[in-house]
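S.K.: Handing over model_26.cif, mmCIF, C-alpha atoms.
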```
data_entry
#
loop_
_atom_site.label_atom_id
_atom_site.label_comp_id
_atom_site.auth_asym_id
_atom_site.auth_seq_id
_atom_site.Cartn_x
_atom_site.Cartn_y
_atom_site.Cartn_z
CA THR A 38 138.08 81.92 68.13
CA GLY A 39 137.43 83.12 71.64
CA ALA A 40 134.42 84.34 73.55
CA MET A 41 133.55 86.08 76.78
CA VAL A 42 129.96 85.75 77.96
CA ASN A 43 128.15 86.64 81.16
CA PRO A 44 126.94 85.85 83.69
CA HIS A 45 128.26 82.54 84.99
CA LEU A 46 126.11 80.22 87.09
CA PHE A 47 128.42 77.77 88.84
CA ASP A 48 131.99 78.43 87.76
CA TYR A 49 133.71 81.72 86.86
CA ALA A 50 135.50 79.93 84.01
CA GLU A 51 132.13 79.59 82.23
CA ARG A 52 132.66 83.20 81.14
CA PHE A 53 135.61 82.41 78.88
CA ASN A 54 136.05 79.88 76.12
CA ILE A 55 138.45 79.15 73.31
CA CYS A 56 137.04 77.37 70.24
CA GLY A 57 133.94 76.49 72.26
CA ASN A 58 135.85 74.98 75.19
CA LYS A 59 135.95 76.40 78.71
CA VAL A 60 139.43 77.67 79.57
CA ARG A 61 141.58 76.21 82.32
CA HIS A 62 141.30 77.67 85.81
CA SER A 63 145.10 77.85 85.94
CA ASP A 64 145.14 80.19 82.91
CA ILE A 65 142.66 82.56 84.58
CA SER A 66 144.42 82.57 87.96
CA SER A 67 147.83 83.07 86.35
CA ILE A 68 146.66 86.15 84.45
CA TRP A 69 144.99 87.54 87.56
CA LYS A 70 147.88 86.91 89.95
CA ASN A 71 150.78 87.83 87.70
CA ILE A 72 149.36 90.66 85.59
CA LEU A 73 146.10 92.15 86.77
CA LEU A 74 146.35 92.03 90.57
CA PRO A 75 149.67 93.96 90.69
CA HIS A 76 148.17 96.52 88.29
CA SER A 77 144.98 96.83 90.35
CA LEU A 78 146.93 97.23 93.61
CA ASP A 79 149.09 99.91 92.04
CA ARG A 80 145.99 101.83 90.97
CA ALA A 81 144.36 101.38 94.39
CA GLU A 82 147.47 102.68 96.19
CA LYS A 83 146.88 106.11 94.70
CA ASP A 84 143.10 105.98 95.08
CA VAL A 85 141.20 102.92 96.33
CA SER A 86 138.31 103.75 94.01
CA HIS A 87 140.65 103.21 91.03
CA ALA A 88 141.10 99.48 91.70
CA LEU A 89 139.85 97.29 88.87
CA THR A 90 136.14 96.57 89.08
CA PHE A 91 134.77 93.05 88.66
CA ALA A 92 133.65 93.87 85.10
CA GLU A 93 136.95 95.51 84.14
CA ALA A 94 138.96 92.58 85.47
CA GLY A 95 136.79 90.13 83.50
CA ILE A 96 137.32 92.00 80.24
CA LEU A 97 141.08 92.20 80.78
CA ILE A 98 141.26 88.49 81.63
CA ALA A 99 139.42 87.76 78.38
CA LEU A 100 141.75 89.96 76.31
CA HIS A 101 144.84 88.36 77.83
CA LEU A 102 143.40 84.89 77.17
CA PHE A 103 142.70 85.81 73.55
CA ASP A 104 146.26 87.04 73.19
CA GLN A 105 147.68 83.96 74.90
CA TYR A 106 145.79 81.61 72.58
CA ALA A 107 146.34 83.81 69.50
CA VAL A 108 142.66 83.80 68.57
CA ARG A 109 141.68 84.99 65.11
CA TRP A 110 138.26 86.39 66.06
CA ALA A 111 136.98 87.18 69.55
CA ILE A 112 133.41 87.81 70.67
CA ILE A 113 132.79 89.83 73.82
CA GLU A 114 129.33 90.16 75.33
CA THR A 115 128.47 93.56 76.78
CA GLY A 116 127.26 94.13 80.30
CA VAL A 117 123.78 95.38 81.13
CA GLY A 118 122.47 97.48 78.27
CA GLY A 119 125.68 98.35 76.51
CA ARG A 120 125.84 102.12 76.16
CA TYR A 121 127.64 102.57 79.51
CA ALA A 122 129.20 99.11 79.87
CA PRO A 123 133.02 98.89 80.31
CA THR A 124 133.16 97.03 76.99
CA MET A 125 132.70 100.44 75.32
CA ALA A 126 136.46 100.90 75.85
CA ILE A 127 137.02 98.27 73.13
CA ASP A 128 137.07 99.18 69.43
CA PRO A 129 135.27 96.26 67.73
CA GLU A 130 135.21 95.35 64.05
CA ILE A 131 131.43 94.85 64.17
CA CYS A 132 128.60 95.19 66.70
CA LEU A 133 125.75 92.73 67.17
CA LEU A 134 122.35 93.30 68.70
CA THR A 135 119.82 90.48 68.97
CA ASN A 136 116.32 91.39 70.07
CA ILE A 137 114.96 94.13 72.30
CA GLY A 138 113.31 92.59 75.34
CA ASN A 139 112.04 93.54 78.76
CA ASP A 140 115.47 93.43 80.43
CA HIS A 141 116.65 95.15 83.63
CA PRO A 142 113.93 97.84 83.83
CA HIS A 143 115.52 99.32 86.98
CA THR A 144 118.57 100.42 84.97
CA LEU A 145 117.49 100.43 81.31
CA GLY A 146 113.97 101.78 81.67
CA SER A 147 110.53 100.21 81.71
CA SER A 148 109.63 101.05 78.10
CA SER A 149 110.96 99.07 75.15
CA TRP A 150 112.13 102.24 73.37
CA GLN A 151 114.34 103.04 76.36
CA VAL A 152 115.89 99.56 76.25
CA ALA A 153 116.40 99.90 72.50
CA LEU A 154 118.27 103.20 72.92
CA GLU A 155 120.51 101.79 75.65
CA LYS A 156 121.36 98.62 73.72
CA ALA A 157 121.86 100.45 70.44
CA GLY A 158 124.37 102.63 72.28
CA ILE A 159 127.07 100.04 71.49
CA THR A 160 127.13 101.35 67.89
CA ARG A 161 130.50 102.79 66.82
CA ASP A 162 131.47 105.36 64.22
CA GLN A 163 132.12 103.79 60.79
CA ARG A 164 131.12 100.36 62.06
CA ILE A 165 128.30 98.02 61.06
CA LEU A 166 125.70 96.93 63.58
CA LEU A 167 123.96 93.68 62.65
CA THR A 168 120.63 93.04 64.35
CA THR A 169 117.55 90.84 64.32
CA ALA A 170 115.44 93.61 65.90
CA ALA A 171 112.34 94.67 64.00
CA ASP A 172 109.38 97.06 63.95
CA GLU A 173 109.64 100.23 66.01
CA HIS A 174 112.72 98.95 67.81
CA LEU A 175 114.62 98.97 64.55
CA GLU A 176 113.77 102.64 64.03
CA TYR A 177 115.21 103.57 67.44
CA ILE A 178 118.34 101.56 66.65
CA ARG A 179 118.77 103.25 63.27
CA SER A 180 118.35 106.66 64.91
CA VAL A 181 121.13 105.96 67.42
CA ALA A 182 123.40 104.53 64.71
CA ASP A 183 122.88 107.59 62.49
CA GLU A 184 123.82 109.85 65.37
CA LYS A 185 127.00 107.85 66.04
CA GLY A 186 127.98 107.46 62.38
CA GLY A 187 127.34 103.71 62.27
CA ARG A 188 125.35 101.62 59.81
CA VAL A 189 122.56 99.18 60.71
CA ILE A 190 121.96 95.99 58.76
CA GLN A 191 118.94 93.89 59.71
CA ILE A 192 119.03 90.12 59.45
CA SER A 193 116.00 89.52 57.24
CA ASN A 194 113.23 86.96 57.55
CA GLU A 195 114.44 85.52 54.25
CA GLU A 196 117.86 84.78 55.76
CA GLN A 197 116.24 83.15 58.77
CA ASN A 198 113.94 81.07 56.53
CA ASP A 199 116.92 80.07 54.39
CA LEU A 200 118.63 78.72 57.51
CA ARG A 201 115.46 76.79 58.41
CA GLN A 202 115.44 75.15 54.98
CA LYS A 203 119.11 74.26 55.26
CA ILE A 204 118.53 72.72 58.70
CA THR A 205 115.67 70.61 57.27
CA GLY A 206 117.92 69.45 54.43
CA TYR A 207 120.75 68.55 56.80
CA LYS A 208 118.32 66.57 58.95
CA ASP A 209 117.12 64.67 55.88
CA SER A 210 120.73 63.87 54.96
CA ARG A 211 121.52 63.03 58.61
CA LEU A 212 124.19 65.70 58.97
CA ILE A 213 122.01 66.96 61.84
CA GLN A 214 120.10 64.73 64.26
CA GLY A 215 116.48 64.25 63.29
CA ASN A 216 115.24 65.29 66.75
CA PHE A 217 116.91 68.71 66.51
CA ALA A 218 113.99 71.12 66.97
CA PRO A 219 115.07 74.60 68.06
CA GLY A 220 112.59 77.41 68.57
CA ASP A 221 112.25 80.71 66.70
CA HIS A 222 114.69 82.37 69.09
CA TRP A 223 117.47 79.96 68.10
CA TYR A 224 116.95 80.63 64.40
CA LYS A 225 117.16 84.39 64.94
CA ASN A 226 120.38 84.18 66.94
CA ALA A 227 121.88 81.51 64.69
CA SER A 228 121.13 83.60 61.57
CA LEU A 229 122.79 86.59 63.20
CA ALA A 230 125.86 84.52 64.08
CA LEU A 231 126.05 82.96 60.63
CA GLN A 232 125.77 86.24 58.72
CA THR A 233 128.43 87.74 60.98
CA ALA A 234 130.79 84.83 60.34
CA LEU A 235 130.25 85.10 56.58
CA ARG A 236 131.25 88.79 56.64
CA PHE A 237 134.66 87.85 58.03
CA GLU A 238 135.04 84.43 56.40
CA PRO A 239 133.26 84.61 53.01
CA ASP A 240 134.51 81.14 52.04
CA LEU A 241 133.02 79.53 55.14
CA ASP A 242 131.79 76.01 54.35
CA LEU A 243 128.12 76.09 55.37
CA ASN A 244 127.86 72.31 55.05
CA ASP A 245 130.34 72.13 57.90
CA ALA A 246 129.48 75.29 59.86
CA ILE A 247 125.71 74.85 60.22
CA PRO A 248 125.83 71.24 61.53
CA ARG A 249 128.50 72.40 63.99
CA MET A 250 126.22 75.19 65.18
CA ALA A 251 123.36 72.73 65.65
CA ALA A 252 125.61 70.35 67.59
CA MET A 253 126.90 72.97 70.02
CA SER A 254 126.00 72.28 73.62
CA ARG A 255 123.82 74.89 75.27
CA LEU A 256 125.20 77.10 78.00
CA PRO A 257 124.47 75.96 81.56
CA GLY A 258 121.05 77.10 82.68
CA ARG A 259 119.76 77.90 79.18
CA PHE A 260 117.36 75.18 78.07
CA TRP A 261 119.76 72.80 79.78
CA GLN A 262 118.61 69.17 79.59
CA LYS A 263 120.02 67.72 82.80
CA ASP A 264 118.11 64.47 82.52
CA GLU A 265 115.64 62.78 80.18
CA ASN A 266 112.69 64.51 81.83
CA LEU A 267 114.39 67.52 83.44
CA ILE A 268 115.03 70.88 81.77
CA VAL A 269 116.74 73.72 83.64
CA ASP A 270 116.35 77.30 82.41
CA VAL A 271 117.12 80.64 84.07
CA ALA A 272 114.43 82.59 82.17
CA HIS A 273 113.84 85.57 84.46
CA ASN A 274 111.52 87.98 82.66
CA PRO A 275 108.34 87.72 80.56
CA ASP A 276 110.19 87.74 77.22
CA LYS A 277 112.56 84.96 78.20
CA LEU A 278 109.69 82.94 79.67
CA ALA A 279 107.89 83.25 76.33
CA VAL A 280 111.01 81.96 74.53
CA LEU A 281 111.23 79.05 76.98
CA ALA A 282 107.58 78.20 76.36
CA ASN A 283 108.11 78.18 72.58
CA ASP A 284 111.23 76.03 72.92
CA LEU A 285 109.33 73.52 75.05
CA LYS A 286 106.52 73.35 72.50
CA SER A 287 108.98 72.85 69.65
CA LYS A 288 111.11 70.19 71.31
CA PHE A 289 108.44 68.39 73.33
CA PRO A 290 105.09 68.76 71.51
CA ASP A 291 102.00 67.29 73.17
CA ARG A 292 103.77 66.91 76.51
CA LYS A 293 102.62 68.10 79.90
CA TYR A 294 105.07 70.01 82.09
CA SER A 295 105.59 70.50 85.80
CA LEU A 296 107.26 73.83 86.55
CA VAL A 297 109.25 74.47 89.72
#
```
Since I need it in another form, could you write the structure as structure tokens?
M.R.:
Amino acid sequence: TGAMVNPHLFDYAERFNICGNKVRHSDISSIWKNILLPHSLDRAEKDVSHALTFAEAGILIALHLFDQYAVRWAIIETGVGGRYAPTMAIDPEICLLTNIGNDHPHTLGSSSWQVALEKAGITRDQRILLTTAADEHLEYIRSVADEKGGRVIQISNEEQNDLRQKITGYKDSRLIQGNFAPGDHWYKNASLALQTALRFEPDLDLNDAIPRMAAMSRLPGRFWQKDENLIVDVAHNPDKLAVLANDLKSKFPDRKYSLV
């Protein structure tokens, strides 16, 4: 499997991973120098505005990496919003949409319905869109999907609760560490990931897959435990701050915090 995520915090290679591992810098630079740079210069020679953009180059690097490593399934995160992101040039097997939050109001709009319409814009004709969105946001998403000929499937509360029960059982049997205490946000995203994986790999061994999900290291800057008493998080809007607060309460109940 391969994945491209954004943004990176410290190292451009954070954007690309194969089977959960960050790729080598030499792989990235080789693709850029030998394949993409000559192509970009050729485009720019005719019209400088046609040179590859930062986002386009990143997507092409990811696709070449996935080809180089012969990945079976690849996950590519969209840019801001989704409807007008360069990733729309890709024809995916399935589209995923987590929650609708207060993200990038200067480009997506200040109202949640505007954000929902922009993010739901990733829907493709004859493709499924899996989402954990609910309430009025789900209605906006369904409306966009209907217009584009896609089909929306919501990850239900029952599926999320089922994952919670499995996690509790795995902790009791010590397949998962007893101090594993993710917040509600983790369960939503993990349920979305798990149901997506099961669509493509129906025989997936949950007794192996779920403990692996729980053991995965967090991305740098996202509830990142740098030391015993130091958590780093790049939460940058009210919704993400609320998620951070819930995660802190779940993992460190009855503790006092100093925020910098």
S.K.: I need the residue nearest Lys70 (chain A) from this list: A:Val85, A:Ile55, A:Ala251, A:Ala94. Use all atoms listed in the file for the distance.
M.R.: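 Among A:Val85, A:Ile55, A:Ala251, A:Ala94, it is A:Ala94 that comes nearest to Lys70 (chain A).
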S.K.: Given the file shown, determine the residues that the PyMOL selection byres ((chain A and resi 157) around 8) selects; report them as a ChimeraX atom specification.
M.R.: /A:119-120,134,153-156,158-160,177-178,181-182
S.K.: Could you tell me which residues the PyMOL selection byres ((chain A and resi 273) around 12) grabs in this file, written as an MDAnalysis selection string?
M.R.: chainID A and resid 138:141 258:259 270:272 274:281
S.K.: If you keep C-alpha atoms, can you produce a file of those selected residues as a short mmCIF file (atom, residue, chain, number, x, y, z; two decimals), in the coordinates of the input?
M.R.:
```cif
data_model
loop_
_atom_site.label_atom_id
_atom_site.label_comp_id
_atom_site.auth_asym_id
_atom_site.auth_seq_id
_atom_site.Cartn_x
_atom_site.Cartn_y
_atom_site.Cartn_z
CA GLY A 138 113.31 92.59 75.34
CA ASN A 139 112.04 93.54 78.76
CA ASP A 140 115.47 93.43 80.43
CA HIS A 141 116.65 95.15 83.63
CA GLY A 258 121.05 77.10 82.68
CA ARG A 259 119.76 77.90 79.18
CA ASP A 270 116.35 77.30 82.41
CA VAL A 271 117.12 80.64 84.07
CA ALA A 272 114.43 82.59 82.17
CA ASN A 274 111.52 87.98 82.66
CA PRO A 275 108.34 87.72 80.56
CA ASP A 276 110.19 87.74 77.22
CA LYS A 277 112.56 84.96 78.20
CA LEU A 278 109.69 82.94 79.67
CA ALA A 279 107.89 83.25 76.33
CA VAL A 280 111.01 81.96 74.53
CA LEU A 281 111.23 79.05 76.98
#
```
S.K.: Listing only residues of region 137-169 of chain A within 8 Å of region 228-238 of chain A, what is the closest atom pair and its distance in Å (to one decimal) for each, using only C-alpha atoms, sorted by chain and residue number ascending, as a tab-separated table?
M.R.:
```
residue	atom	partner	partner_atom	distance
A:Leu167	CA	A:Leu229	CA	7.2
A:Thr168	CA	A:Leu229	CA	6.9
A:Thr169	CA	A:Leu229	CA	6.8
```
S.K.: Go ahead and save the residues from that selection, with C-alpha atoms, as a short mmCIF file (atom, residue, chain, number, x, y, z; two decimals), in the coordinates of the input.
M.R.:
```cif
data_model
loop_
_atom_site.label_atom_id
_atom_site.label_comp_id
_atom_site.auth_asym_id
_atom_site.auth_seq_id
_atom_site.Cartn_x
_atom_site.Cartn_y
_atom_site.Cartn_z
CA LEU A 167 123.96 93.68 62.65
CA THR A 168 120.63 93.04 64.35
CA THR A 169 117.55 90.84 64.32
#
```
S.K.: What's the separation between CA of Arg201 (chain A) and CA of Ile247 (chain A), in Å to one decimal place?
M.R.: 10.6 Å
S.K.: Tell me, as a PDB file with C-alpha atoms, in the frame of the given file, which residues lie within 12 Å of region 74-84 of chain A, counting only C-alpha atoms; anything in the same chain fewer than 5 positions away does not count.
M.R.:
```pdb
ATOM      1  CA  ILE A  65     142.660  82.560  84.580  1.00  0.00           C
ATOM      2  CA  SER A  66     144.420  82.570  87.960  1.00  0.00           C
ATOM      3  CA  SER A  67     147.830  83.070  86.350  1.00  0.00           C
ATOM      4  CA  ILE A  68     146.660  86.150  84.450  1.00  0.00           C
ATOM      5  CA  TRP A  69     144.990  87.540  87.560  1.00  0.00           C
ATOM      6  CA  LEU A  89     139.850  97.290  88.870  1.00  0.00           C
ATOM      7  CA  THR A  90     136.140  96.570  89.080  1.00  0.00           C
ATOM      8  CA  PHE A  91     134.770  93.050  88.660  1.00  0.00           C
ATOM      9  CA  GLU A  93     136.950  95.510  84.140  1.00  0.00           C
ATOM     10  CA  ALA A  94     138.960  92.580  85.470  1.00  0.00           C
ATOM     11  CA  LEU A  97     141.080  92.200  80.780  1.00  0.00           C
ATOM     12  CA  ILE A  98     141.260  88.490  81.630  1.00  0.00           C
TER      13      ILE A  98
END
```
S.K.: Excluding Phe217 (chain A) and residues on its chain fewer than 5 positions from it, collect all residues at most 12 Å away from it, counting only C-alpha atoms, and give them as a list in words.
M.R.: Arg201, Ile204, Thr205, Tyr207, Lys208, Asp209, Arg211, Leu212, Trp223, Pro248, Met250, Ala251, Ala252, Met253, Asp284, Ser287, Lys288 and Phe289 of chain A
S.K.: Please indicate the distance in Å from CA of Cys56 (chain A) to CA of Thr38 (chain A), rounded to one decimal place.
M.R.: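 Going from CA of Cys56 (chain A) over to CA of Thr38 (chain A) covers 5.1 Å.
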S.K.: Tell me which residues the PyMOL selection byres ((chain A and resi 172) around 12) grabs here, as a PyMOL selection string.
M.R.: chain A and resi 136-137+149-150+153+168-171+173-179+191
S.K.: Quick one: residues within 9 Å of Ala50 (chain A), all atoms listed in the file counted, chain neighbours fewer than 3 positions away excluded, as a PDB file with C-alpha atoms, in the coordinates of the input?
M.R.:
```
ATOM      1  CA  HIS A  45     128.260  82.540  84.990  1.00  0.00           C
ATOM      2  CA  PHE A  47     128.420  77.770  88.840  1.00  0.00           C
ATOM      3  CA  PHE A  53     135.610  82.410  78.880  1.00  0.00           C
ATOM      4  CA  ASN A  54     136.050  79.880  76.120  1.00  0.00           C
ATOM      5  CA  LYS A  59     135.950  76.400  78.710  1.00  0.00           C
ATOM      6  CA  VAL A  60     139.430  77.670  79.570  1.00  0.00           C
ATOM      7  CA  ARG A  61     141.580  76.210  82.320  1.00  0.00           C
ATOM      8  CA  HIS A  62     141.300  77.670  85.810  1.00  0.00           C
ATOM      9  CA  ILE A  65     142.660  82.560  84.580  1.00  0.00           C
TER      10      ILE A  65
END
```
S.K.: In Å, rounded to a single decimal, give me how far CA of Asn283 (chain A) is from CA of Asp221 (chain A).
M.R.: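 Going from CA of Asp221 (chain A) over to CA of Asn283 (chain A) covers 7.6 Å.
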